[in-house]
>>> print(open('start.txt').read())   # compact mmCIF, C-alpha atoms
# COMPACT_ATOMS: atom_id res chain seq x y z
CA ASP A 1356 36.77 169.60 72.69
CA GLN A 1357 39.66 169.29 70.24
CA GLN A 1358 38.81 166.48 67.81
CA VAL A 1359 41.95 166.96 65.71
CA LYS A 1360 45.22 167.12 67.58
CA GLN A 1361 48.67 168.12 66.50
CA ASN A 1362 50.76 167.47 69.57
CA SER A 1363 54.00 168.97 68.31
CA PRO A 1364 53.77 172.77 68.25
CA SER A 1365 57.08 173.02 66.40
CA LEU A 1366 59.59 170.99 64.43
CA SER A 1367 63.05 171.86 63.13
CA VAL A 1368 64.63 169.91 60.26
CA GLN A 1369 67.74 170.32 58.20
CA GLU A 1370 67.42 171.08 54.50
CA GLY A 1371 67.41 167.90 52.42
CA ARG A 1372 66.18 165.69 55.27
CA ILE A 1373 62.68 164.30 55.80
CA SER A 1374 60.06 166.28 57.73
CA ILE A 1375 57.34 164.23 59.42
CA LEU A 1376 54.32 166.05 60.80
CA ASN A 1377 51.82 164.08 62.85
CA CYS A 1378 48.12 164.40 63.48
CA ASP A 1379 45.66 162.41 65.62
CA TYR A 1380 41.89 162.53 65.58
CA THR A 1381 39.18 161.26 67.89
CA ASN A 1382 36.01 161.39 65.77
CA SER A 1383 35.43 158.10 63.93
CA MET A 1384 32.99 159.91 61.61
CA PHE A 1385 35.86 161.76 59.91
CA ASP A 1386 36.33 160.37 56.42
CA TYR A 1387 38.36 163.00 54.59
CA PHE A 1388 41.61 164.57 55.71
CA LEU A 1389 43.58 167.53 54.44
CA TRP A 1390 46.83 169.32 55.11
CA TYR A 1391 47.10 173.08 54.76
CA LYS A 1392 50.22 175.19 54.88
CA LYS A 1393 50.15 178.74 56.22
CA TYR A 1394 52.69 181.52 55.91
CA PRO A 1395 52.46 184.56 58.22
CA ALA A 1396 49.83 187.13 57.14
CA GLU A 1397 48.40 184.75 54.53
CA GLY A 1398 45.45 182.38 54.51
CA PRO A 1399 45.95 178.60 54.65
CA THR A 1400 46.97 177.04 51.34
CA PHE A 1401 45.73 173.58 50.44
CA LEU A 1402 48.57 171.08 50.20
CA ILE A 1403 47.33 167.50 49.95
CA SER A 1404 44.36 165.38 50.97
CA ILE A 1405 43.40 161.78 51.55
CA SER A 1406 40.14 159.91 51.67
CA SER A 1407 39.52 157.30 54.35
CA ILE A 1408 39.33 154.59 51.69
CA LYS A 1409 43.05 155.06 51.04
CA ASP A 1410 46.07 154.73 53.28
CA LYS A 1411 48.52 156.79 51.25
CA ASN A 1412 48.47 159.69 48.84
CA GLU A 1413 51.50 161.19 47.18
CA ASP A 1414 52.07 164.48 45.38
CA GLY A 1415 55.65 165.31 44.48
CA ARG A 1416 57.67 165.79 47.66
CA PHE A 1417 54.57 165.45 49.84
CA THR A 1418 53.05 162.17 51.01
CA VAL A 1419 50.20 161.72 53.46
CA PHE A 1420 49.73 158.43 55.31
CA LEU A 1421 46.50 157.46 57.04
CA ASN A 1422 46.20 154.79 59.74
CA LYS A 1423 42.49 154.52 60.44
CA SER A 1424 42.74 151.95 63.19
CA ALA A 1425 45.09 154.25 65.11
CA LYS A 1426 43.17 157.38 64.06
CA HIS A 1427 46.47 158.86 62.99
CA LEU A 1428 47.80 160.57 59.91
CA SER A 1429 51.16 161.97 59.00
CA LEU A 1430 52.60 164.26 56.36
CA HIS A 1431 56.05 163.48 54.99
CA ILE A 1432 58.05 166.07 53.12
CA VAL A 1433 61.08 164.73 51.27
CA PRO A 1434 63.45 166.42 50.72
CA SER A 1435 62.67 169.38 52.94
CA GLN A 1436 63.49 172.84 51.59
CA PRO A 1437 63.81 176.19 53.40
CA GLY A 1438 60.69 177.42 51.55
CA ASP A 1439 58.72 174.70 53.34
CA SER A 1440 59.10 176.65 56.59
CA ALA A 1441 55.53 177.48 57.59
CA VAL A 1442 52.75 176.40 59.93
CA TYR A 1443 51.09 173.16 58.84
CA PHE A 1444 47.49 172.45 59.78
CA CYS A 1445 45.85 169.07 59.73
CA ALA A 1446 42.09 169.18 59.05
CA ALA A 1447 39.31 166.62 58.87
CA ILE A 1448 35.77 166.49 57.52
CA ALA A 1449 33.05 164.23 58.88
CA ASN A 1450 31.08 161.82 56.74
CA SER A 1451 28.48 163.84 54.76
CA GLY A 1452 29.80 167.04 56.39
CA TYR A 1453 31.64 170.02 54.98
CA ALA A 1454 33.11 171.99 57.89
CA LEU A 1455 36.85 171.61 58.28
CA ASN A 1456 37.93 170.63 61.80
CA PHE A 1457 41.46 171.90 62.30
CA GLY A 1458 44.29 171.02 64.64
CA LYS A 1459 46.30 173.79 66.29
CA GLY A 1460 49.10 173.52 63.76
CA THR A 1461 52.79 172.59 63.76
CA SER A 1462 55.37 175.22 62.94
CA LEU A 1463 58.04 173.71 60.68
CA LEU A 1464 61.45 175.33 60.35
CA VAL A 1465 63.77 174.00 57.67
CA THR A 1466 67.32 175.19 58.22
CA PRO A 1467 69.95 175.41 55.48
CA GLY B 641 42.76 182.78 37.93
CA ALA B 642 41.93 185.01 40.87
CA GLY B 643 41.77 183.40 44.28
CA VAL B 644 39.56 184.24 47.23
CA SER B 645 39.91 187.87 48.24
CA GLN B 646 38.97 189.49 51.54
CA THR B 647 38.67 193.13 52.52
CA PRO B 648 39.83 194.87 54.56
CA SER B 649 43.05 193.04 55.37
CA ASN B 650 43.10 194.73 58.78
CA LYS B 651 40.33 196.32 60.80
CA VAL B 652 40.76 198.10 64.09
CA THR B 653 37.61 199.15 65.89
CA GLU B 654 36.42 200.16 69.31
CA LYS B 655 34.38 198.03 71.65
CA GLY B 656 30.67 198.37 70.90
CA LYS B 657 31.07 199.33 67.24
CA TYR B 658 29.66 197.54 64.20
CA VAL B 659 31.95 195.98 61.56
CA GLU B 660 31.52 194.35 58.18
CA LEU B 661 34.03 191.98 56.65
CA ARG B 662 33.83 191.16 52.96
CA CYS B 663 34.70 187.99 51.06
CA ASP B 664 34.89 187.59 47.29
CA PRO B 665 35.07 183.86 46.44
CA ILE B 666 36.61 182.17 43.44
CA SER B 667 34.38 182.68 40.42
CA GLY B 668 31.98 179.78 39.94
CA HIS B 669 32.34 178.41 43.46
CA THR B 670 28.91 177.75 44.90
CA ALA B 671 30.02 176.95 48.45
CA LEU B 672 31.39 179.62 50.78
CA TYR B 673 32.60 179.29 54.36
CA TRP B 674 33.66 181.61 57.15
CA TYR B 675 36.13 180.55 59.82
CA ARG B 676 37.68 182.37 62.76
CA GLN B 677 41.24 181.80 63.95
CA SER B 678 42.36 182.95 67.37
CA LEU B 679 46.01 183.18 68.35
CA GLY B 680 47.64 179.77 68.75
CA GLN B 681 44.59 177.92 67.49
CA GLY B 682 43.46 176.40 64.24
CA PRO B 683 40.61 178.00 62.28
CA GLU B 684 37.13 177.29 63.66
CA PHE B 685 34.03 176.99 61.50
CA LEU B 686 31.46 179.77 61.67
CA ILE B 687 29.02 179.46 58.77
CA TYR B 688 28.51 177.72 55.44
CA PHE B 689 26.63 179.04 52.41
CA GLN B 690 25.45 176.96 49.49
CA GLY B 691 24.42 179.49 46.88
CA THR B 692 22.57 182.37 48.51
CA GLY B 693 21.34 180.53 51.57
CA ALA B 694 23.10 179.93 54.88
CA ALA B 695 22.96 176.14 54.97
CA ASP B 696 24.64 175.95 58.38
CA ASP B 697 25.27 178.80 60.80
CA SER B 698 25.81 176.59 63.84
CA GLY B 699 29.36 177.90 64.36
CA LEU B 700 28.35 181.54 64.87
CA PRO B 701 29.18 182.25 68.54
CA ASN B 702 26.09 184.37 69.30
CA ASP B 703 23.45 186.57 67.71
CA ARG B 704 25.82 189.51 67.35
CA PHE B 705 27.26 187.68 64.36
CA PHE B 706 25.42 187.52 61.06
CA ALA B 707 26.44 186.79 57.47
CA VAL B 708 24.81 187.25 54.11
CA ARG B 709 25.44 186.22 50.52
CA PRO B 710 22.59 187.88 48.64
CA GLU B 711 23.57 187.04 45.07
CA GLY B 712 25.40 183.78 45.65
CA SER B 713 28.83 185.30 45.20
CA VAL B 714 30.22 187.97 47.56
CA SER B 715 29.56 187.42 51.25
CA THR B 716 29.64 189.85 54.15
CA LEU B 717 30.18 188.87 57.77
CA LYS B 718 28.60 191.41 60.10
CA ILE B 719 29.44 191.79 63.77
CA GLN B 720 27.34 194.04 66.00
CA ARG B 721 28.40 195.55 69.33
CA THR B 722 31.93 194.21 68.99
CA GLU B 723 33.71 192.90 72.08
CA ARG B 724 37.42 192.52 72.77
CA GLY B 725 36.99 188.75 72.58
CA ASP B 726 35.98 189.10 68.92
CA SER B 727 39.57 190.01 68.05
CA ALA B 728 40.85 187.31 65.71
CA MET B 729 41.69 186.49 62.10
CA TYR B 730 38.53 185.97 60.08
CA LEU B 731 39.05 183.63 57.15
CA CYS B 732 36.81 183.02 54.17
CA ALA B 733 37.03 179.94 51.97
CA SER B 734 35.19 178.78 48.88
CA SER B 735 34.81 175.48 47.09
CA LEU B 736 33.37 174.42 43.77
CA ASP B 737 30.61 172.54 45.49
CA PHE B 738 29.70 170.74 48.68
CA ARG B 739 32.71 168.80 50.09
CA ASP B 740 35.13 169.92 47.39
CA THR B 741 38.52 171.28 48.43
CA GLN B 742 38.21 174.59 50.24
CA TYR B 743 40.47 177.45 49.14
CA PHE B 744 41.12 180.22 51.61
CA GLY B 745 41.51 183.93 51.29
CA PRO B 746 44.23 185.92 53.09
CA GLY B 747 41.93 186.78 55.97
CA THR B 748 40.88 189.92 57.80
CA ARG B 749 42.68 190.66 61.06
CA LEU B 750 40.08 192.22 63.39
CA THR B 751 41.25 194.04 66.49
CA VAL B 752 38.71 195.35 68.98
CA LEU B 753 40.17 197.89 71.38
>>> encode(input="start.txt", output="structure tokens")
Amino acid sequence: DQQVKQNSPSLSVQEGRISILNCDYTNSMFDYFLWYKKYPAEGPTFLISISSIKDKNEDGRFTVFLNKSAKHLSLHIVPSQPGDSAVYFCAAIANSGYALNFGKGTSLLVTP
Amino acid sequence: GAGVSQTPSNKVTEKGKYVELRCDPISGHTALYWYRQSLGQGPEFLIYFQGTGAADDSGLPNDRFFAVRPEGSVSTLKIQRTERGDSAMYLCASSLDFRDTQYFGPGTRLTVL
């Protein structure tokens, strides 16, 4: 049973515009959320995280928003660059847990 | 500093054979994790080590899978009597401690013919 869902398998955005990647979760015990970026033939690279006590976390061009009541989070990339083209995974950890629960990923293509 | 490394990067084997996959975590990281990623899916948790002991092996699919971390650093994932369904990317991650950010290695692509 998929507890973390990324319903958009792919997204295409023009360079310079905003990319918004969405993620929904079903387990109310999740209290820590992360985004990983993955290039082909490489392992996932940590991008940004957010604790459930916050609703926003920002790091440079990347901002993650958390809406706990809706069990929804989103990653905003502004401005998008061609080098951002990769698969983005949303992941969540349960309260007092450690195992990452991943979504299936969203493939982002940023076109020049 | 050096990240998580995994060897081999690719492993092709025949059904029924035994394989070992190696993970070298970031120096000083006490926590080590193995995940498996099948095509079109996100990584799925297999096992978690804190130090030398397997604190949680609930994600191992069956008793053909086993992992060790004898000195609290390098870990080896062992798969006996491989099956075609074992074909996947096997990812290792390490973190400084329990619930710290997990950093992944490049993975081992296992193909069972």
>>> atom_distance(input="start.txt", atom1="atom CA of A:Gly1460", atom2="atom CA of B:Ala694")
28.2 Å
>>> residues_around(input="start.txt", residues="A:Ala1425", least_positions_apart="4", cutoff="10 Å", atoms="only C-alpha atoms", output="list in words")
Asp1379, Tyr1380, Thr1381 and Leu1421 of chain A
>>> closest_residue(input="start.txt", among="B:Gln742, B:Thr653, B:Gln646, B:Thr748", to="A:Ala1447", atoms="only C-alpha atoms")
B:Gln742
>>> residues_near_point(input="start.txt", point="(39.0, 184.1, 43.5)", cutoff="9 Å", atoms="only C-alpha atoms", output="PyMOL selection string")
chain B and resi 641-645+664-669+734+743+745
>>> atom_distance(input="start.txt", atom1="atom CA of A:Ser1429", atom2="atom CA of A:Thr1466")
20.9 Å
>>> decode(input="start.txt", residues="stretch 1427-1440 of chain A", atoms="all heavy atoms", output="PDB file, in the first residue's frame")
ATOM      1  N   HIS A1427      -0.372  17.028   2.489  1.00  0.00           N
ATOM      2  CA  HIS A1427       0.167  17.381   1.182  1.00  0.00           C
ATOM      3  C   HIS A1427       1.431  18.208   1.344  1.00  0.00           C
ATOM      4  O   HIS A1427       1.508  19.082   2.212  1.00  0.00           O
ATOM      5  CB  HIS A1427      -0.880  18.193   0.396  1.00  0.00           C
ATOM      6  CG  HIS A1427      -0.413  18.683  -0.929  1.00  0.00           C
ATOM      7  ND1 HIS A1427      -0.457  17.896  -2.063  1.00  0.00           N
ATOM      8  CD2 HIS A1427       0.137  19.869  -1.305  1.00  0.00           C
ATOM      9  CE1 HIS A1427       0.039  18.574  -3.083  1.00  0.00           C
ATOM     10  NE2 HIS A1427       0.397  19.788  -2.647  1.00  0.00           N
ATOM     11  N   LEU A1428       2.419  17.919   0.512  1.00  0.00           N
ATOM     12  CA  LEU A1428       3.575  18.801   0.451  1.00  0.00           C
ATOM     13  C   LEU A1428       3.949  19.055  -0.998  1.00  0.00           C
ATOM     14  O   LEU A1428       3.562  18.290  -1.894  1.00  0.00           O
ATOM     15  CB  LEU A1428       4.765  18.278   1.253  1.00  0.00           C
ATOM     16  CG  LEU A1428       5.447  16.979   0.915  1.00  0.00           C
ATOM     17  CD1 LEU A1428       6.879  17.022   1.433  1.00  0.00           C
ATOM     18  CD2 LEU A1428       4.746  15.804   1.562  1.00  0.00           C
ATOM     19  N   SER A1429       4.646  20.164  -1.187  1.00  0.00           N
ATOM     20  CA  SER A1429       5.062  20.512  -2.535  1.00  0.00           C
ATOM     21  C   SER A1429       6.475  21.087  -2.510  1.00  0.00           C
ATOM     22  O   SER A1429       6.907  21.660  -1.508  1.00  0.00           O
ATOM     23  CB  SER A1429       4.085  21.497  -3.174  1.00  0.00           C
ATOM     24  OG  SER A1429       4.023  22.690  -2.438  1.00  0.00           O
ATOM     25  N   LEU A1430       7.162  20.881  -3.605  1.00  0.00           N
ATOM     26  CA  LEU A1430       8.506  21.429  -3.796  1.00  0.00           C
ATOM     27  C   LEU A1430       8.435  22.450  -4.917  1.00  0.00           C
ATOM     28  O   LEU A1430       7.963  22.126  -6.008  1.00  0.00           O
ATOM     29  CB  LEU A1430       9.485  20.307  -4.172  1.00  0.00           C
ATOM     30  CG  LEU A1430      10.904  20.756  -4.539  1.00  0.00           C
ATOM     31  CD1 LEU A1430      11.626  21.313  -3.310  1.00  0.00           C
ATOM     32  CD2 LEU A1430      11.695  19.588  -5.132  1.00  0.00           C
ATOM     33  N   HIS A1431       8.890  23.666  -4.632  1.00  0.00           N
ATOM     34  CA  HIS A1431       8.932  24.720  -5.626  1.00  0.00           C
ATOM     35  C   HIS A1431      10.377  24.995  -5.996  1.00  0.00           C
ATOM     36  O   HIS A1431      11.225  25.155  -5.091  1.00  0.00           O
ATOM     37  CB  HIS A1431       8.291  26.000  -5.084  1.00  0.00           C
ATOM     38  CG  HIS A1431       6.812  25.899  -4.861  1.00  0.00           C
ATOM     39  ND1 HIS A1431       5.976  26.977  -4.976  1.00  0.00           N
ATOM     40  CD2 HIS A1431       6.033  24.843  -4.531  1.00  0.00           C
ATOM     41  CE1 HIS A1431       4.727  26.597  -4.726  1.00  0.00           C
ATOM     42  NE2 HIS A1431       4.734  25.305  -4.457  1.00  0.00           N
ATOM     43  N   ILE A1432      10.633  25.065  -7.278  1.00  0.00           N
ATOM     44  CA  ILE A1432      11.968  25.392  -7.765  1.00  0.00           C
ATOM     45  C   ILE A1432      11.848  26.668  -8.601  1.00  0.00           C
ATOM     46  O   ILE A1432      11.147  26.687  -9.621  1.00  0.00           O
ATOM     47  CB  ILE A1432      12.554  24.259  -8.636  1.00  0.00           C
ATOM     48  CG1 ILE A1432      12.498  22.915  -7.904  1.00  0.00           C
ATOM     49  CG2 ILE A1432      13.989  24.586  -9.025  1.00  0.00           C
ATOM     50  CD1 ILE A1432      12.905  21.722  -8.751  1.00  0.00           C
ATOM     51  N   VAL A1433      12.503  27.733  -8.125  1.00  0.00           N
ATOM     52  CA  VAL A1433      12.415  29.017  -8.819  1.00  0.00           C
ATOM     53  C   VAL A1433      13.784  29.716  -8.818  1.00  0.00           C
ATOM     54  O   VAL A1433      14.328  29.935  -7.737  1.00  0.00           O
ATOM     55  CB  VAL A1433      11.401  29.964  -8.124  1.00  0.00           C
ATOM     56  CG1 VAL A1433      11.251  31.258  -8.906  1.00  0.00           C
ATOM     57  CG2 VAL A1433      10.064  29.300  -7.939  1.00  0.00           C
ATOM     58  N   PRO A1434      14.320  30.116  -9.962  1.00  0.00           N
ATOM     59  CA  PRO A1434      13.844  29.759 -11.302  1.00  0.00           C
ATOM     60  C   PRO A1434      14.368  28.383 -11.704  1.00  0.00           C
ATOM     61  O   PRO A1434      15.438  27.967 -11.255  1.00  0.00           O
ATOM     62  CB  PRO A1434      14.476  30.854 -12.172  1.00  0.00           C
ATOM     63  CG  PRO A1434      15.770  31.172 -11.469  1.00  0.00           C
ATOM     64  CD  PRO A1434      15.500  30.992  -9.991  1.00  0.00           C
ATOM     65  N   SER A1435      13.650  27.688 -12.503  1.00  0.00           N
ATOM     66  CA  SER A1435      14.079  26.363 -12.960  1.00  0.00           C
ATOM     67  C   SER A1435      15.224  26.494 -13.959  1.00  0.00           C
ATOM     68  O   SER A1435      15.260  27.428 -14.778  1.00  0.00           O
ATOM     69  CB  SER A1435      12.910  25.635 -13.623  1.00  0.00           C
ATOM     70  OG  SER A1435      11.827  25.519 -12.730  1.00  0.00           O
ATOM     71  N   GLN A1436      16.150  25.541 -13.883  1.00  0.00           N
ATOM     72  CA  GLN A1436      17.308  25.526 -14.773  1.00  0.00           C
ATOM     73  C   GLN A1436      17.386  24.160 -15.464  1.00  0.00           C
ATOM     74  O   GLN A1436      16.946  23.147 -14.889  1.00  0.00           O
ATOM     75  CB  GLN A1436      18.594  25.773 -13.967  1.00  0.00           C
ATOM     76  CG  GLN A1436      18.621  27.103 -13.249  1.00  0.00           C
ATOM     77  CD  GLN A1436      19.820  27.250 -12.337  1.00  0.00           C
ATOM     78  OE1 GLN A1436      20.579  26.308 -12.126  1.00  0.00           O
ATOM     79  NE2 GLN A1436      19.997  28.450 -11.779  1.00  0.00           N
ATOM     80  N   PRO A1437      17.970  24.085 -16.641  1.00  0.00           N
ATOM     81  CA  PRO A1437      18.079  22.795 -17.339  1.00  0.00           C
ATOM     82  C   PRO A1437      18.750  21.714 -16.492  1.00  0.00           C
ATOM     83  O   PRO A1437      18.384  20.542 -16.562  1.00  0.00           O
ATOM     84  CB  PRO A1437      18.908  23.138 -18.585  1.00  0.00           C
ATOM     85  CG  PRO A1437      18.581  24.565 -18.861  1.00  0.00           C
ATOM     86  CD  PRO A1437      18.420  25.206 -17.501  1.00  0.00           C
ATOM     87  N   GLY A1438      19.704  22.089 -15.646  1.00  0.00           N
ATOM     88  CA  GLY A1438      20.383  21.131 -14.774  1.00  0.00           C
ATOM     89  C   GLY A1438      19.485  20.552 -13.698  1.00  0.00           C
ATOM     90  O   GLY A1438      19.858  19.585 -13.019  1.00  0.00           O
ATOM     91  N   ASP A1439      18.294  21.129 -13.530  1.00  0.00           N
ATOM     92  CA  ASP A1439      17.332  20.585 -12.570  1.00  0.00           C
ATOM     93  C   ASP A1439      16.603  19.376 -13.133  1.00  0.00           C
ATOM     94  O   ASP A1439      15.860  18.707 -12.403  1.00  0.00           O
ATOM     95  CB  ASP A1439      16.294  21.649 -12.180  1.00  0.00           C
ATOM     96  CG  ASP A1439      16.905  22.833 -11.453  1.00  0.00           C
ATOM     97  OD1 ASP A1439      17.922  22.653 -10.752  1.00  0.00           O
ATOM     98  OD2 ASP A1439      16.363  23.952 -11.599  1.00  0.00           O
ATOM     99  N   SER A1440      16.766  19.109 -14.401  1.00  0.00           N
ATOM    100  CA  SER A1440      16.093  17.965 -15.032  1.00  0.00           C
ATOM    101  C   SER A1440      16.575  16.671 -14.388  1.00  0.00           C
ATOM    102  O   SER A1440      17.767  16.344 -14.435  1.00  0.00           O
ATOM    103  CB  SER A1440      16.373  17.934 -16.535  1.00  0.00           C
ATOM    104  OG  SER A1440      15.882  19.091 -17.164  1.00  0.00           O
TER     105      SER A1440
END
